[in-house]
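A.B. asks: To start, I am sharing the structure in question, which I have written as structure tokens.
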Amino acid sequence: MVDRRHDGSTDRTGFDETKDYLSNALGRVVPRAVARRAVEVTVSTDAAEYAPDEPVAITVAIRNRLPVPIEVPTATRRSWGWAVDGVTEATDERLYVRDEESALSLRAGETKRATATWNGRFRRTDGDGLDRSVRAERGDHTITAFVPVPDADERHEATTEIRIR
């Protein structure tokens, strides 16, 4: 996902990443275990019910509950992600995200928000590598937002339910 900001620049994570070097330096002082527990993830959609193929607007919020800046290591270059019924970004295609660790920096009490849109379909690849788009079945579906924290005991994710009628 690439977010286009009002100044015409792009932000590959979906967050406004204005550099605050003092906060980044202080965030490295907070122990990783404490920083991981300070992260709160929430997810919401623009409605509870949708028609088949109707776009679903997903809003993800990641909040630092501490009054000090934190830096949370992530397992990949991806700082956050979303899934439908456990299928990341509603596709079984291989996602090309570098496996190297990165970090999500949050200022004291900061909440970062990002949006994604699911088109109500799953992208499937068959054994021949051909893509096809499959409409989601009618019924309940689980939307999950997550921060991919490595080797953490607790999951950094939130879920919400939607219904396709």
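All residue names refer to the structure tokens as shown: chains lettered A, B, ... in order, residues numbered from 1 in each chain, ligands numbered from 1 in order.
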Which residues are near Pro55 of chain A? Cut-off 10 Å, only C-alpha atoms, ignore same chain within fewer than 3 positions. Put them as a PyMOL selection string.
C.D. replies: chain A and resi 46+50-52+58+117-121
A.B. asks: Between A:Ala114, A:Val134, A:Val56, A:Val72, which one has atoms that come closest to Asp92 of chain A, using only C-alpha atoms?
C.D. replies: A:Val134
A.B. asks: Out of segment 35-155 of chain A, which residues get helix (DSSP H, G or I) from DSSP, as a PyMOL selection string?
C.D. replies: chain A and resi 35-38
A.B. asks: Would you save the residues of that selection, restricted to N, CA and C atoms, as a PDB file, in the first residue's frame?
C.D. replies:
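New file again_6.pdb:
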ATOM      1  N   ALA A  35       8.344  -1.907  25.583  1.00  0.00           N
ATOM      2  CA  ALA A  35       7.832  -1.243  24.374  1.00  0.00           C
ATOM      3  C   ALA A  35       6.783  -2.108  23.681  1.00  0.00           C
ATOM      4  N   ARG A  36       7.042  -3.419  23.580  1.00  0.00           N
ATOM      5  CA  ARG A  36       6.069  -4.313  22.921  1.00  0.00           C
ATOM      6  C   ARG A  36       4.735  -4.312  23.644  1.00  0.00           C
ATOM      7  N   ARG A  37       4.781  -4.312  24.984  1.00  0.00           N
ATOM      8  CA  ARG A  37       3.526  -4.322  25.751  1.00  0.00           C
ATOM      9  C   ARG A  37       2.788  -2.990  25.666  1.00  0.00           C
ATOM     10  N   ALA A  38       3.480  -1.925  25.301  1.00  0.00           N
ATOM     11  CA  ALA A  38       2.858  -0.599  25.229  1.00  0.00           C
ATOM     12  C   ALA A  38       2.068  -0.396  23.947  1.00  0.00           C
TER      13      ALA A  38
END
A.B. asks: Using only C-alpha atoms, which residues sit within 6 Å of segment 76-86 of chain A once same-chain residues fewer than 5 positions away are excluded, as a list in words?
C.D. replies: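 Residues near the query, excluding close chain neighbours: Arg98, Asp99, Glu100, Glu101, Ser102, Leu104, His141, Thr142, Ile143, Thr144, Ala145, Phe146 and Val147 of chain A.
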A.B. asks: Keeping only N, CA, C and O atoms, write those residues as an mmCIF file, in the first residue's frame.
C.D. replies:
data_model
loop_
_atom_site.group_PDB
_atom_site.id
_atom_site.type_symbol
_atom_site.label_atom_id
_atom_site.label_comp_id
_atom_site.auth_asym_id
_atom_site.auth_seq_id
_atom_site.Cartn_x
_atom_site.Cartn_y
_atom_site.Cartn_z
ATOM 1 N N ARG A 98 10.944 -7.869 2.593
ATOM 2 C CA ARG A 98 12.233 -8.338 3.094
ATOM 3 C C ARG A 98 12.104 -8.872 4.515
ATOM 4 O O ARG A 98 11.404 -8.302 5.337
ATOM 5 N N ASP A 99 12.785 -9.992 4.783
ATOM 6 C CA ASP A 99 12.714 -10.628 6.096
ATOM 7 C C ASP A 99 13.561 -9.937 7.160
ATOM 8 O O ASP A 99 13.524 -10.326 8.312
ATOM 9 N N GLU A 100 14.322 -8.933 6.797
ATOM 10 C CA GLU A 100 15.164 -8.265 7.780
ATOM 11 C C GLU A 100 14.302 -7.481 8.764
ATOM 12 O O GLU A 100 13.234 -6.981 8.423
ATOM 13 N N GLU A 101 14.793 -7.411 9.998
ATOM 14 C CA GLU A 101 14.048 -6.676 11.019
ATOM 15 C C GLU A 101 14.028 -5.191 10.711
ATOM 16 O O GLU A 101 14.929 -4.663 10.079
ATOM 17 N N SER A 102 12.988 -4.550 11.170
ATOM 18 C CA SER A 102 12.845 -3.110 11.073
ATOM 19 C C SER A 102 12.335 -2.645 12.434
ATOM 20 O O SER A 102 12.380 -3.422 13.393
ATOM 21 N N LEU A 104 9.220 0.021 14.405
ATOM 22 C CA LEU A 104 8.110 0.960 14.381
ATOM 23 C C LEU A 104 8.346 1.934 15.525
ATOM 24 O O LEU A 104 8.425 1.518 16.680
ATOM 25 N N HIS A 141 -17.025 -12.684 8.118
ATOM 26 C CA HIS A 141 -15.596 -12.704 7.813
ATOM 27 C C HIS A 141 -14.863 -11.897 8.880
ATOM 28 O O HIS A 141 -15.397 -10.913 9.404
ATOM 29 N N THR A 142 -13.644 -12.312 9.193
ATOM 30 C CA THR A 142 -12.840 -11.652 10.214
ATOM 31 C C THR A 142 -11.747 -10.820 9.561
ATOM 32 O O THR A 142 -10.950 -11.334 8.781
ATOM 33 N N ILE A 143 -11.717 -9.532 9.898
ATOM 34 C CA ILE A 143 -10.667 -8.623 9.445
ATOM 35 C C ILE A 143 -9.691 -8.478 10.609
ATOM 36 O O ILE A 143 -10.093 -8.188 11.732
ATOM 37 N N THR A 144 -8.410 -8.696 10.329
ATOM 38 C CA THR A 144 -7.370 -8.610 11.356
ATOM 39 C C THR A 144 -6.345 -7.559 10.952
ATOM 40 O O THR A 144 -5.966 -7.478 9.790
ATOM 41 N N ALA A 145 -5.897 -6.759 11.911
ATOM 42 C CA ALA A 145 -4.775 -5.846 11.725
ATOM 43 C C ALA A 145 -3.694 -6.290 12.691
ATOM 44 O O ALA A 145 -3.997 -6.729 13.808
ATOM 45 N N PHE A 146 -2.428 -6.183 12.274
ATOM 46 C CA PHE A 146 -1.359 -6.695 13.129
ATOM 47 C C PHE A 146 -0.061 -5.905 12.960
ATOM 48 O O PHE A 146 0.157 -5.246 11.951
ATOM 49 N N VAL A 147 0.771 -5.992 13.998
ATOM 50 C CA VAL A 147 2.153 -5.520 13.960
ATOM 51 C C VAL A 147 2.993 -6.785 14.086
ATOM 52 O O VAL A 147 2.864 -7.512 15.076
#
A.B. asks: So which bits of segment 15-115 of chain A end up strand (DSSP E) when you DSSP the backbone, as a ChimeraX atom specification?
C.D. replies: /A:39-45,49-50,56-64,70-74,81-84,87-88,102-106,111-115
A.B. asks: List as a PyMOL selection string the protein and nucleic acid residues near Val41 of chain A, meaning an atom at most 7 Å away when only C-alpha atoms are counted, but skip any in the same chain fewer than 4 places from it.
C.D. replies: chain A and resi 61-63+146+156-158
A.B. asks: Would you put the residues from that selection into a file with all heavy atoms, as a PDB file, in the first residue's frame?
C.D. replies:
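Now in part-v6.pdb:
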ATOM      1  N   ALA A  61      -5.314   1.477  13.596  1.00  0.00           N
ATOM      2  CA  ALA A  61      -4.687   2.450  14.501  1.00  0.00           C
ATOM      3  C   ALA A  61      -3.710   1.700  15.397  1.00  0.00           C
ATOM      4  O   ALA A  61      -4.043   0.650  15.946  1.00  0.00           O
ATOM      5  CB  ALA A  61      -5.741   3.165  15.338  1.00  0.00           C
ATOM      6  N   ILE A  62      -2.510   2.244  15.519  1.00  0.00           N
ATOM      7  CA  ILE A  62      -1.475   1.663  16.379  1.00  0.00           C
ATOM      8  C   ILE A  62      -1.070   2.748  17.358  1.00  0.00           C
ATOM      9  O   ILE A  62      -0.639   3.832  16.952  1.00  0.00           O
ATOM     10  CB  ILE A  62      -0.274   1.174  15.546  1.00  0.00           C
ATOM     11  CG1 ILE A  62      -0.751   0.136  14.537  1.00  0.00           C
ATOM     12  CG2 ILE A  62       0.807   0.613  16.458  1.00  0.00           C
ATOM     13  CD1 ILE A  62       0.292  -0.263  13.528  1.00  0.00           C
ATOM     14  N   ARG A  63      -1.239   2.463  18.650  1.00  0.00           N
ATOM     15  CA  ARG A  63      -1.057   3.486  19.689  1.00  0.00           C
ATOM     16  C   ARG A  63       0.018   3.085  20.686  1.00  0.00           C
ATOM     17  O   ARG A  63       0.118   1.924  21.083  1.00  0.00           O
ATOM     18  CB  ARG A  63      -2.372   3.692  20.431  1.00  0.00           C
ATOM     19  CG  ARG A  63      -2.310   4.781  21.505  1.00  0.00           C
ATOM     20  CD  ARG A  63      -3.675   5.071  22.069  1.00  0.00           C
ATOM     21  NE  ARG A  63      -4.129   4.090  23.019  1.00  0.00           N
ATOM     22  CZ  ARG A  63      -4.026   4.216  24.354  1.00  0.00           C
ATOM     23  NH1 ARG A  63      -3.477   5.290  24.869  1.00  0.00           N
ATOM     24  NH2 ARG A  63      -4.486   3.275  25.129  1.00  0.00           N
ATOM     25  N   PHE A 146      -2.428  -6.183  12.274  1.00  0.00           N
ATOM     26  CA  PHE A 146      -1.359  -6.695  13.129  1.00  0.00           C
ATOM     27  C   PHE A 146      -0.061  -5.905  12.960  1.00  0.00           C
ATOM     28  O   PHE A 146       0.157  -5.246  11.951  1.00  0.00           O
ATOM     29  CB  PHE A 146      -1.100  -8.175  12.830  1.00  0.00           C
ATOM     30  CG  PHE A 146      -0.667  -8.444  11.414  1.00  0.00           C
ATOM     31  CD1 PHE A 146       0.674  -8.434  11.050  1.00  0.00           C
ATOM     32  CD2 PHE A 146      -1.611  -8.706  10.429  1.00  0.00           C
ATOM     33  CE1 PHE A 146       1.056  -8.668   9.741  1.00  0.00           C
ATOM     34  CE2 PHE A 146      -1.234  -8.954   9.119  1.00  0.00           C
ATOM     35  CZ  PHE A 146       0.112  -8.938   8.768  1.00  0.00           C
ATOM     36  N   HIS A 156       0.229  -8.918  18.703  1.00  0.00           N
ATOM     37  CA  HIS A 156      -0.093  -7.504  18.534  1.00  0.00           C
ATOM     38  C   HIS A 156      -1.038  -7.394  17.361  1.00  0.00           C
ATOM     39  O   HIS A 156      -0.637  -7.122  16.235  1.00  0.00           O
ATOM     40  CB  HIS A 156       1.176  -6.694  18.307  1.00  0.00           C
ATOM     41  CG  HIS A 156       1.957  -6.485  19.545  1.00  0.00           C
ATOM     42  ND1 HIS A 156       2.344  -7.510  20.365  1.00  0.00           N
ATOM     43  CD2 HIS A 156       2.381  -5.358  20.130  1.00  0.00           C
ATOM     44  CE1 HIS A 156       2.990  -7.020  21.386  1.00  0.00           C
ATOM     45  NE2 HIS A 156       3.036  -5.725  21.272  1.00  0.00           N
ATOM     46  N   GLU A 157      -2.307  -7.687  17.653  1.00  0.00           N
ATOM     47  CA  GLU A 157      -3.302  -7.657  16.601  1.00  0.00           C
ATOM     48  C   GLU A 157      -4.660  -7.310  17.183  1.00  0.00           C
ATOM     49  O   GLU A 157      -4.865  -7.367  18.397  1.00  0.00           O
ATOM     50  CB  GLU A 157      -3.374  -8.997  15.868  1.00  0.00           C
ATOM     51  CG  GLU A 157      -3.868 -10.140  16.714  1.00  0.00           C
ATOM     52  CD  GLU A 157      -3.908 -11.461  15.960  1.00  0.00           C
ATOM     53  OE1 GLU A 157      -3.112 -11.654  15.030  1.00  0.00           O
ATOM     54  OE2 GLU A 157      -4.753 -12.286  16.304  1.00  0.00           O
ATOM     55  N   ALA A 158      -5.555  -6.952  16.290  1.00  0.00           N
ATOM     56  CA  ALA A 158      -6.947  -6.689  16.655  1.00  0.00           C
ATOM     57  C   ALA A 158      -7.804  -7.238  15.525  1.00  0.00           C
ATOM     58  O   ALA A 158      -7.354  -7.347  14.387  1.00  0.00           O
ATOM     59  CB  ALA A 158      -7.183  -5.197  16.826  1.00  0.00           C
TER      60      ALA A 158
END
